[in-house]
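Engineer: Structure incoming, see below.
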Amino acid sequence: MSSLSHTDSDGKAKMVDVGAKRVTSRSAVASVEVVLNDDAYSAARENRSAKGDVLAAAKLAGIMAAKKTSDLIPLCHPLPLDVVEISFSFDDSAKTIKIRSSVSCQARTGAEMEALTACSVSALTIYDMLKAIQKNIVITNLVLLKKSGGRSGEYCRENS
């Protein structure tokens with residue numbers, strides 16, 4: 001018998017049966033950082049990218065991605081998301097945009113993957129919007145900051 005939830009007794013991938021689990025409130029918060037050079041950072045901060053509003057595009061992309069997580073990540077269950085929030089903060093000294101996503105729903109399984117996917121796709125959208133200015137953009141520090149709900153209960157990353 002396998003001790004991993006996503007593998008069968010032969011070690012093959014399988015989808016976890018969550019049908020018997022109770023529907024409970026679930027939430028997750030994740031973050032990621034996009035490191036830019038002076039020109040790309042200024043273009044994003046001052047909303048002067050040739051492709052348009054970088055943060056507006058990244059926000060919409062992140063929300064859409066969270067809603068489509070089960071289409072992107074094998075074995076993820078589709079979740080009826082109640083809300084997806086994406087926020088951005090600028091660090092002028094490090095030339096970094098920090099993206100934070102917050103996801104909540106009423107479901108049988110957690111929303112961690114949706115929060116992480118929202119951050120990832122938001123960051124990739126910033127990359128796409130600014131790649132004409134900077135080819136070597138760095139996306140780093142994708143982390144789950146918090147989660148609540150479900151059998152495993154609360155999780156809070158230190159210094160989140």
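Each chain of the structure tokens is named A, B, ... in the order shown, its residues numbered from 1; ligands are numbered from 1 in display order.
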Taking the DSSP secondary structure from the backbone, can you list the residues of chain A that are strand (DSSP E or B), as number ranges by chain?

Structural biologist: A: 7, 13, 24-35, 81-91, 96-107, 138-148, 155-156

Engineer: As a compact mmCIF listing (two decimals) with N, CA and C atoms, in the first residue's frame, please: the residues near Ser93 in chain A (cut-off 12 Å, only C-alpha atoms, same-chain neighbours under 5 positions excluded).

Structural biologist:
# COMPACT_ATOMS: atom_id res chain seq x y z
N VAL A 35 12.41 40.17 -10.44
CA VAL A 35 13.58 41.04 -10.31
C VAL A 35 13.89 41.64 -11.69
N LEU A 36 13.98 42.96 -11.72
CA LEU A 36 14.12 43.68 -12.99
C LEU A 36 15.35 44.59 -12.98
N ASN A 37 15.74 45.01 -14.18
CA ASN A 37 16.78 46.03 -14.25
C ASN A 37 16.11 47.41 -14.14
N ASP A 38 16.90 48.46 -14.13
CA ASP A 38 16.37 49.81 -13.95
C ASP A 38 15.32 50.17 -14.99
N TYR A 41 12.07 47.99 -14.65
CA TYR A 41 11.40 48.36 -13.40
C TYR A 41 10.68 49.70 -13.55
N SER A 42 11.37 50.67 -14.13
CA SER A 42 10.76 51.99 -14.34
C SER A 42 9.56 51.91 -15.27

Engineer: May I ask which of the residues A:Leu55, A:Ile97, A:Leu75, A:Ala107 is the closest one to Val138 in chain A, counting only C-alpha atoms?

Structural biologist: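 That would be A:Ile97, the residue with the smallest distance to Val138 in chain A.
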
Engineer: Counting only C-alpha atoms, which residue out of A:Thr109, A:Lys98, A:Ile73, A:Ala123 sits closest to Arg151 in chain A?

Structural biologist: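 Closest to Arg151 in chain A, using only C-alpha atoms: A:Thr109.
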
Engineer: Based on the backbone DSSP call, show me all residues of range 36-137 of chain A assigned helix (DSSP H, G or I), as a PyMOL selection string.

Structural biologist: chain A and resi 38-45+54-67+69-72+112-130

Engineer: Applying 8 Å and only C-alpha atoms, which residues near range 19-30 of chain A remain after dropping the ones on its own chain fewer than 2 positions away? List them as a list of chain:residue names.

Structural biologist: A:Asp17, A:Val32, A:Arg100, A:Ser101, A:Ser102, A:Val103, A:Ser104, A:Cys105, A:Gln106, A:Ala107, A:Arg108, A:Thr109, A:Gly110, A:Ala111, A:Glu112, A:Ala115, A:Leu116, A:Cys119, A:Leu142, A:Val143, A:Leu144, A:Leu145, A:Lys146, A:Lys147, A:Ser148, A:Gly149, A:Gly150

Engineer: Could you name the residues that touch Val54 in chain A at 12 Å or less, counting only C-alpha atoms, but leaving out those on the same chain fewer than 5 positions away, as a list in words?

Structural biologist: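 Selected residues are Ala40, Tyr41, Ser42, Ala43, Ala44, Arg45, Glu46, Asn47, Arg48, Ser49, Lys59, Leu60, Ala61, Phe88, Ile97, Ser122, Ala123, Leu124, Thr125, Ile126, Tyr127, Asp128, Met129, Leu130 and Lys131 of chain A.
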
Engineer: Keeping only N, CA and C atoms, write the selected residues to a file as a CSV table (one decimal), in the first residue's frame.

Structural biologist:
chain,number,residue,atom,x,y,z
A,40,ALA,N,13.4,48.2,-17.1
A,40,ALA,CA,12.2,47.5,-17.0
A,40,ALA,C,11.4,47.8,-15.8
A,41,TYR,N,12.1,48.0,-14.6
A,41,TYR,CA,11.4,48.4,-13.4
A,41,TYR,C,10.7,49.7,-13.6
A,42,SER,N,11.4,50.7,-14.1
A,42,SER,CA,10.8,52.0,-14.3
A,42,SER,C,9.6,51.9,-15.3
A,43,ALA,N,9.7,51.1,-16.3
A,43,ALA,CA,8.5,51.0,-17.3
A,43,ALA,C,7.3,50.4,-16.6
A,44,ALA,N,7.5,49.4,-15.7
A,44,ALA,CA,6.4,48.8,-15.0
A,44,ALA,C,5.9,49.8,-13.9
A,45,ARG,N,6.7,50.4,-13.2
A,45,ARG,CA,6.3,51.3,-12.1
A,45,ARG,C,5.6,52.6,-12.6
A,46,GLU,N,6.1,53.0,-13.8
A,46,GLU,CA,5.5,54.3,-14.4
A,46,GLU,C,4.4,54.0,-15.4
A,47,ASN,N,4.1,52.7,-15.6
A,47,ASN,CA,3.1,52.3,-16.5
A,47,ASN,C,3.3,52.8,-17.9
A,48,ARG,N,4.6,52.5,-18.4
A,48,ARG,CA,4.9,53.0,-19.7
A,48,ARG,C,5.5,51.9,-20.6
A,49,SER,N,5.0,50.7,-20.5
A,49,SER,CA,5.4,49.6,-21.3
A,49,SER,C,4.7,49.7,-22.7
A,59,LYS,N,-2.5,41.0,-13.3
A,59,LYS,CA,-3.6,40.7,-12.4
A,59,LYS,C,-4.7,39.9,-13.0
A,60,LEU,N,-5.1,40.2,-14.2
A,60,LEU,CA,-6.1,39.4,-14.9
A,60,LEU,C,-5.6,38.0,-15.2
A,61,ALA,N,-4.4,38.0,-15.6
A,61,ALA,CA,-3.8,36.6,-16.0
A,61,ALA,C,-3.7,35.8,-14.7
A,88,PHE,N,0.3,43.8,-5.8
A,88,PHE,CA,1.7,44.1,-6.2
A,88,PHE,C,2.3,45.1,-5.3
A,97,ILE,N,9.4,43.6,-8.1
A,97,ILE,CA,7.9,43.6,-7.9
A,97,ILE,C,7.5,42.3,-7.2
A,122,SER,N,0.9,35.4,-13.0
A,122,SER,CA,1.1,36.9,-12.9
A,122,SER,C,2.6,37.3,-13.2
A,123,ALA,N,3.5,36.5,-12.6
A,123,ALA,CA,4.9,36.8,-12.8
A,123,ALA,C,5.3,36.6,-14.3
A,124,LEU,N,4.8,35.5,-14.9
A,124,LEU,CA,5.1,35.2,-16.3
A,124,LEU,C,4.6,36.3,-17.2
A,125,THR,N,3.4,36.9,-16.8
A,125,THR,CA,2.8,37.9,-17.6
A,125,THR,C,3.7,39.2,-17.5
A,126,ILE,N,4.2,39.5,-16.3
A,126,ILE,CA,5.1,40.6,-16.2
A,126,ILE,C,6.3,40.4,-17.1
A,127,TYR,N,6.8,39.2,-17.0
A,127,TYR,CA,8.0,38.9,-17.9
A,127,TYR,C,7.6,39.1,-19.4
A,128,ASP,N,6.5,38.6,-19.8
A,128,ASP,CA,6.1,38.8,-21.2
A,128,ASP,C,5.9,40.3,-21.6
A,129,MET,N,5.3,41.0,-20.7
A,129,MET,CA,5.1,42.5,-20.9
A,129,MET,C,6.4,43.3,-21.0
A,130,LEU,N,7.4,42.8,-20.3
A,130,LEU,CA,8.6,43.6,-20.2
A,130,LEU,C,9.8,43.0,-20.9
A,131,LYS,N,9.7,41.8,-21.6
A,131,LYS,CA,10.8,41.1,-22.2
A,131,LYS,C,11.5,41.9,-23.3

Engineer: Looking at only C-alpha atoms, which of A:Ala50, A:Ala132, A:Val121, A:Ala94 is the one that sits closest to Gly62 in chain A?

Structural biologist: A:Val121

Engineer: Kindly give the distance, in Å, that separates CA of Val84 in chain A and CA of Ile63 in chain A, rounded to a single decimal.

Structural biologist: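 CA of Val84 in chain A sits 5.9 Å away from CA of Ile63 in chain A.
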
Engineer: Nearest residue to Val83 in chain A out of A:Met64, A:Val16, A:Ala58, A:Val34, using only C-alpha atoms?

Structural biologist: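 Of the candidates, the smallest distance to Val83 in chain A is held by A:Met64.
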